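Asker: Below you will find the structure I want to go over with you.
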Amino acid sequence: MNVDIIKSNHKKYSKSEVFVSTYIIMDQLMKGWFSEVSELWPGQAMSLEVEEVLHSERSEFQDIMVVKTKSHGRVLILDGIIQCSEKDEFAYQEMISFLPLCSHNNPKTVLIVGGGDGGVAREVAKHPLVEEIHQVEIDGRVVEVSKKFLPFMAKGFESSKLKLHIGDGFEYMKNHKNKFDVIITDSSDPIGPAVNLFQEDYFKLMKQALKENGLVCSQGSTIWTDLTHVKETLNHCKRQFQTAAYAIASVPTYPNGQIGFVMGSLNKNCNFMQPTITFSDDDISKMDMRYYSTDVHKAAFALPQFAKSVLYS
C-alpha cells in the first residue's frame, strides 16, 4: 500500500489533522489488514485483508477511505466504519430501496437522504413506477470519491430520474413539505454526522415531507449488538407513523453480518409484510437484482423471538 497517497491527500489540512488521520489509518492497516473497531460494537471487529489503499482524505465532515481488498473488492470506509463492499453491497442497496417502494401502492416521487455512494439511487431508479428521485447528501466529497473509485454504485447518479442536492437533509425537508411518496434514509451509523438521523425529531420531519399515505425507510442498525438502540429508533417511528415495523437483511461485511431497517407508514392499513407491488423472478432478473424478491420481502419482517419480544412489547 502507498503511504504517500495517504499523506498527500491530507496536505490541505492542519498538521494535527494530518497526523491523527494518518496515524489512525496506518494503525488500522497494520500488517496489511483493515479492522473495523468501534465503540458501537465493543469487543469485536470485522477485518479485511487490504491489497491497496486507493484513496484517503479528511472531508469537512468525516474521514473517507477507499481500499482494494483481497476478498471483497473495493470497500468504502467512513470514519473507520465499513459502509459498503463490492462483494455484498447489493444486498443492502436492494433491500433499503425495494422494501419501501414495494410497500407503497404508487411510489412516484422518492427522496433519498444520504446515500452518497450512489447505490440506493441505482436501485430506486430500477422501479418502474418511480418517476422522480430527489437525493440530498451532506458530504459532496463522498459523491465525488464514489464516482471515481466505486463506479459500480455511483452509476446511480447517471439516472435521468435523479436530481442530486448537496446539503443538509433536515433543511431540505423543512423546505419540501407534502412532496414525497417515499423517503429512504441511507445513513451511516449513529455516530458523528449521522447521529441526528436516528432521533424522533427526524421522523417527525420526514412525516411532514410526505404526501398522504407516504412511508419511510431508514437504516436501523443490528439487533445483535444494540437491540436497545433499535427499540428506541423503532419507538421514535411508532410515535410519528400510523404503522411501523422493523426488517432485517444479511450483509456479511456489516457488524454480525446483519443490518436492519426501520419503516413507517402514514397509511393505517399498511401491512409491510405483504408487499403491494410484486415482481416475478423474470422481472427481478431483468432489473439485475440479486437479493430482493417478493419472498425475501415477506421473510425480512420475520424476526427471531428474542428481538420480536423486545421490539414489539
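In the C-alpha cells, chains take letters A, B, ... by order of appearance, with residues numbered from 1 within each chain and ligands from 1 in the order shown.
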Mind listing the alpha helix (DSSP H) residues of stretch 95-258 of chain A, per DSSP on the backbone, as number ranges by chain?
Answerer: A: 95-101, 119-124, 140-149, 151-154, 169-174, 200-209, 227-240
Asker: Report the distance between atom CA of A:Gly220 and atom CA of A:Ser146 in Å, rounded to one decimal place.
Answerer: 22.9 Å
Asker: Which is closer to A:Lys147 than all the others in A:Leu234, A:Gly119, A:Asn175, A:Asn271, using only C-alpha atoms?
Answerer: A:Gly119
Asker: Neighbours of stretch 130-132 of chain A within 9 Å (only C-alpha atoms; same-chain residues fewer than 4 positions away dropped), as a list of chain:residue names?
Answerer: A:Leu101, A:Asn106, A:Pro107, A:Lys108, A:Thr109, A:Val110, A:Leu111, A:Val124, A:Ala125, A:Lys126, A:Ser160, A:Lys161, A:Leu162, A:Lys163
Asker: Tell me which of A:Asp283, A:Asp117, A:Glu232, A:Asp226 sits closest to A:Leu40, counting only C-alpha atoms.
Answerer: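 Answer, going by the shortest atom-to-atom distance: A:Asp226.
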Asker: Apply DSSP to the structure's backbone, then extract all residues of stretch 40-208 of chain A labelled strand (DSSP E or B) and return them as a compact mmCIF listing (two decimals) with N, CA and C atoms, in the first residue's frame.
Answerer:
# COMPACT_ATOMS: atom_id res chain seq x y z
N MET A 46 -14.57 -6.46 12.49
CA MET A 46 -14.57 -7.07 11.17
C MET A 46 -13.24 -6.71 10.51
N SER A 47 -12.53 -7.72 10.00
CA SER A 47 -11.22 -7.48 9.40
C SER A 47 -11.18 -7.94 7.95
N LEU A 48 -10.56 -7.13 7.10
CA LEU A 48 -10.40 -7.46 5.69
C LEU A 48 -8.95 -7.25 5.29
N GLU A 49 -8.41 -8.19 4.53
CA GLU A 49 -7.04 -8.06 4.07
C GLU A 49 -7.00 -7.05 2.92
N VAL A 50 -6.11 -6.08 3.05
CA VAL A 50 -6.04 -4.96 2.10
C VAL A 50 -4.87 -5.14 1.13
N GLU A 51 -5.17 -5.02 -0.15
CA GLU A 51 -4.13 -5.07 -1.17
C GLU A 51 -3.59 -3.69 -1.50
N GLU A 52 -4.46 -2.68 -1.43
CA GLU A 52 -4.04 -1.33 -1.80
C GLU A 52 -4.98 -0.29 -1.22
N VAL A 53 -4.43 0.82 -0.75
CA VAL A 53 -5.23 1.98 -0.37
C VAL A 53 -5.41 2.83 -1.63
N LEU A 54 -6.63 2.91 -2.10
CA LEU A 54 -6.90 3.64 -3.34
C LEU A 54 -7.09 5.13 -3.09
N HIS A 55 -7.62 5.48 -1.93
CA HIS A 55 -7.88 6.89 -1.64
C HIS A 55 -8.07 7.08 -0.14
N SER A 56 -7.63 8.23 0.35
CA SER A 56 -7.85 8.60 1.75
C SER A 56 -7.81 10.11 1.88
N GLU A 57 -8.79 10.66 2.57
CA GLU A 57 -8.82 12.10 2.80
C GLU A 57 -9.70 12.41 4.00
N ARG A 58 -9.56 13.62 4.48
CA ARG A 58 -10.44 14.14 5.51
C ARG A 58 -11.31 15.21 4.86
N ASP A 63 -13.70 11.27 7.83
CA ASP A 63 -12.61 10.59 7.13
C ASP A 63 -13.21 9.70 6.05
N ILE A 64 -12.66 9.79 4.85
CA ILE A 64 -13.14 8.98 3.73
C ILE A 64 -11.97 8.14 3.22
N MET A 65 -12.19 6.84 3.11
CA MET A 65 -11.13 5.96 2.61
C MET A 65 -11.75 4.91 1.71
N VAL A 66 -11.05 4.60 0.62
CA VAL A 66 -11.43 3.50 -0.26
C VAL A 66 -10.23 2.58 -0.37
N VAL A 67 -10.44 1.29 -0.11
CA VAL A 67 -9.36 0.31 -0.20
C VAL A 67 -9.76 -0.81 -1.13
N LYS A 68 -8.77 -1.43 -1.72
CA LYS A 68 -8.97 -2.64 -2.51
C LYS A 68 -8.61 -3.82 -1.64
N THR A 69 -9.56 -4.73 -1.43
CA THR A 69 -9.32 -5.85 -0.53
C THR A 69 -9.15 -7.14 -1.32
N GLY A 73 -13.29 -7.06 -2.88
CA GLY A 73 -13.19 -6.00 -3.86
C GLY A 73 -12.97 -4.65 -3.21
N ARG A 74 -13.52 -3.62 -3.81
CA ARG A 74 -13.35 -2.26 -3.29
C ARG A 74 -14.31 -2.00 -2.12
N VAL A 75 -13.81 -1.29 -1.12
CA VAL A 75 -14.57 -1.06 0.10
C VAL A 75 -14.52 0.43 0.45
N LEU A 76 -15.68 1.01 0.75
CA LEU A 76 -15.76 2.39 1.21
C LEU A 76 -15.83 2.41 2.73
N ILE A 77 -14.98 3.22 3.34
CA ILE A 77 -14.90 3.30 4.80
C ILE A 77 -15.03 4.77 5.20
N LEU A 78 -15.97 5.08 6.08
CA LEU A 78 -16.16 6.43 6.59
C LEU A 78 -15.93 6.44 8.09
N ILE A 81 -15.47 3.08 9.68
CA ILE A 81 -16.55 2.10 9.65
C ILE A 81 -16.87 1.73 8.20
N ILE A 82 -16.93 0.45 7.92
CA ILE A 82 -17.23 -0.03 6.57
C ILE A 82 -18.65 0.36 6.17
N GLN A 83 -18.78 1.03 5.03
CA GLN A 83 -20.08 1.43 4.52
C GLN A 83 -20.61 0.45 3.47
N CYS A 84 -19.72 -0.06 2.65
CA CYS A 84 -20.14 -0.99 1.60
C CYS A 84 -18.91 -1.67 1.02
N SER A 85 -19.11 -2.90 0.55
CA SER A 85 -18.05 -3.61 -0.16
C SER A 85 -18.58 -4.07 -1.50
N THR A 109 -42.72 9.63 -6.47
CA THR A 109 -41.72 10.63 -6.08
C THR A 109 -40.98 10.16 -4.83
N VAL A 110 -39.68 10.01 -4.95
CA VAL A 110 -38.87 9.42 -3.87
C VAL A 110 -37.77 10.39 -3.45
N LEU A 111 -37.55 10.49 -2.15
CA LEU A 111 -36.42 11.25 -1.61
C LEU A 111 -35.44 10.29 -0.97
N ILE A 112 -34.17 10.43 -1.31
CA ILE A 112 -33.09 9.69 -0.66
C ILE A 112 -32.28 10.67 0.17
N VAL A 113 -32.15 10.41 1.45
CA VAL A 113 -31.32 11.22 2.33
C VAL A 113 -30.04 10.44 2.60
N GLY A 114 -28.90 11.01 2.27
CA GLY A 114 -27.63 10.29 2.37
C GLY A 114 -27.37 9.54 1.08
N GLU A 132 -39.64 10.36 -10.23
CA GLU A 132 -38.68 11.37 -9.78
C GLU A 132 -37.92 10.86 -8.55
N ILE A 133 -36.62 11.07 -8.58
CA ILE A 133 -35.79 10.75 -7.41
C ILE A 133 -35.05 12.03 -7.02
N HIS A 134 -35.27 12.46 -5.80
CA HIS A 134 -34.53 13.60 -5.26
C HIS A 134 -33.59 13.05 -4.19
N GLN A 135 -32.34 13.44 -4.25
CA GLN A 135 -31.37 12.94 -3.27
C GLN A 135 -30.63 14.11 -2.66
N VAL A 136 -30.51 14.10 -1.34
CA VAL A 136 -29.75 15.13 -0.63
C VAL A 136 -28.68 14.46 0.20
N GLU A 137 -27.43 14.79 -0.08
CA GLU A 137 -26.25 14.22 0.59
C GLU A 137 -25.43 15.37 1.15
N LEU A 162 -33.01 11.25 -11.56
CA LEU A 162 -32.39 11.76 -10.33
C LEU A 162 -32.04 13.25 -10.39
N LYS A 163 -32.35 13.92 -9.27
CA LYS A 163 -31.89 15.29 -9.03
C LYS A 163 -31.10 15.27 -7.73
N LEU A 164 -29.80 15.53 -7.81
CA LEU A 164 -28.91 15.45 -6.65
C LEU A 164 -28.69 16.83 -6.05
N HIS A 165 -28.83 16.89 -4.72
CA HIS A 165 -28.62 18.13 -3.98
C HIS A 165 -27.55 17.88 -2.92
N ILE A 166 -26.55 18.73 -2.86
CA ILE A 166 -25.53 18.62 -1.81
C ILE A 166 -25.91 19.59 -0.71
N PHE A 180 -43.24 14.02 -1.05
CA PHE A 180 -42.71 12.72 -1.43
C PHE A 180 -43.65 11.56 -1.05
N ASP A 181 -43.64 10.54 -1.91
CA ASP A 181 -44.37 9.32 -1.59
C ASP A 181 -43.56 8.42 -0.66
N VAL A 182 -42.26 8.39 -0.88
CA VAL A 182 -41.36 7.53 -0.10
C VAL A 182 -40.09 8.32 0.23
N ILE A 183 -39.65 8.20 1.47
CA ILE A 183 -38.36 8.78 1.88
C ILE A 183 -37.48 7.64 2.40
N ILE A 184 -36.29 7.52 1.82
CA ILE A 184 -35.33 6.49 2.20
C ILE A 184 -34.11 7.17 2.80
N THR A 185 -33.77 6.80 4.02
CA THR A 185 -32.60 7.37 4.68
C THR A 185 -31.47 6.35 4.71
N ASP A 186 -30.49 6.58 3.85
CA ASP A 186 -29.32 5.70 3.78
C ASP A 186 -28.19 6.38 4.53
Asker: Rounded to one decimal in Å, what is the spacing between atom CA of A:Val142 and atom CA of A:Leu129?
Answerer: 28.2 Å
Asker: In Å, how far is it from atom CA of A:Tyr291 to atom CA of A:Ala91?
Answerer: 5.4 Å
Asker: For a quick check of understanding, using only C-alpha atoms, which of A:Leu311, A:Leu210, A:Ala154, A:Val143 has the smallest distance to A:Lys238?
Answerer: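 Looking at the shortest contact to A:Lys238, the residue is A:Leu311.
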Asker: Go through A:Pro252, A:Gly264, A:Gly169, A:Gly118 and flag the residue nearest A:Phe203, using only C-alpha atoms for the distances.
Answerer: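 Residue with the minimum atom-to-atom distance to A:Phe203: A:Gly264.
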Asker: Would you list the contacts of A:Pro42 as a VMD selection string, taking every protein, DNA or RNA residue within 9 Å and counting only C-alpha atoms, but skipping same-chain residues closer than 4 positions in sequence?
Answerer: chain A and resid 37 to 38 225
Asker: Can you list, as a list in words, every protein, DNA or RNA residue that comes within 7 Å of A:Ser250 when you count only C-alpha atoms, leaving out same-chain residues fewer than 5 positions away?
Answerer: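 Contacts, in chain order: Gly257, Gln258 and Ile259 of chain A.
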Asker: I need the chosen residues saved as a short mmCIF file (atom, residue, chain, number, x, y, z; two decimals), in the first residue's frame, with C-alpha atoms.
Answerer:
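Output file selection_37.cif follows:
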data_model
loop_
_atom_site.label_atom_id
_atom_site.label_comp_id
_atom_site.auth_asym_id
_atom_site.auth_seq_id
_atom_site.Cartn_x
_atom_site.Cartn_y
_atom_site.Cartn_z
CA GLY A 257 -23.47 -9.94 9.21
CA GLN A 258 -26.88 -8.33 9.55
CA ILE A 259 -28.49 -4.90 9.13
#
Asker: As a VMD selection string, please: the residues near A:Ser59 (cut-off 9 Å, only C-alpha atoms, same-chain neighbours under 6 positions excluded).
Answerer: chain A and resid 139 to 142
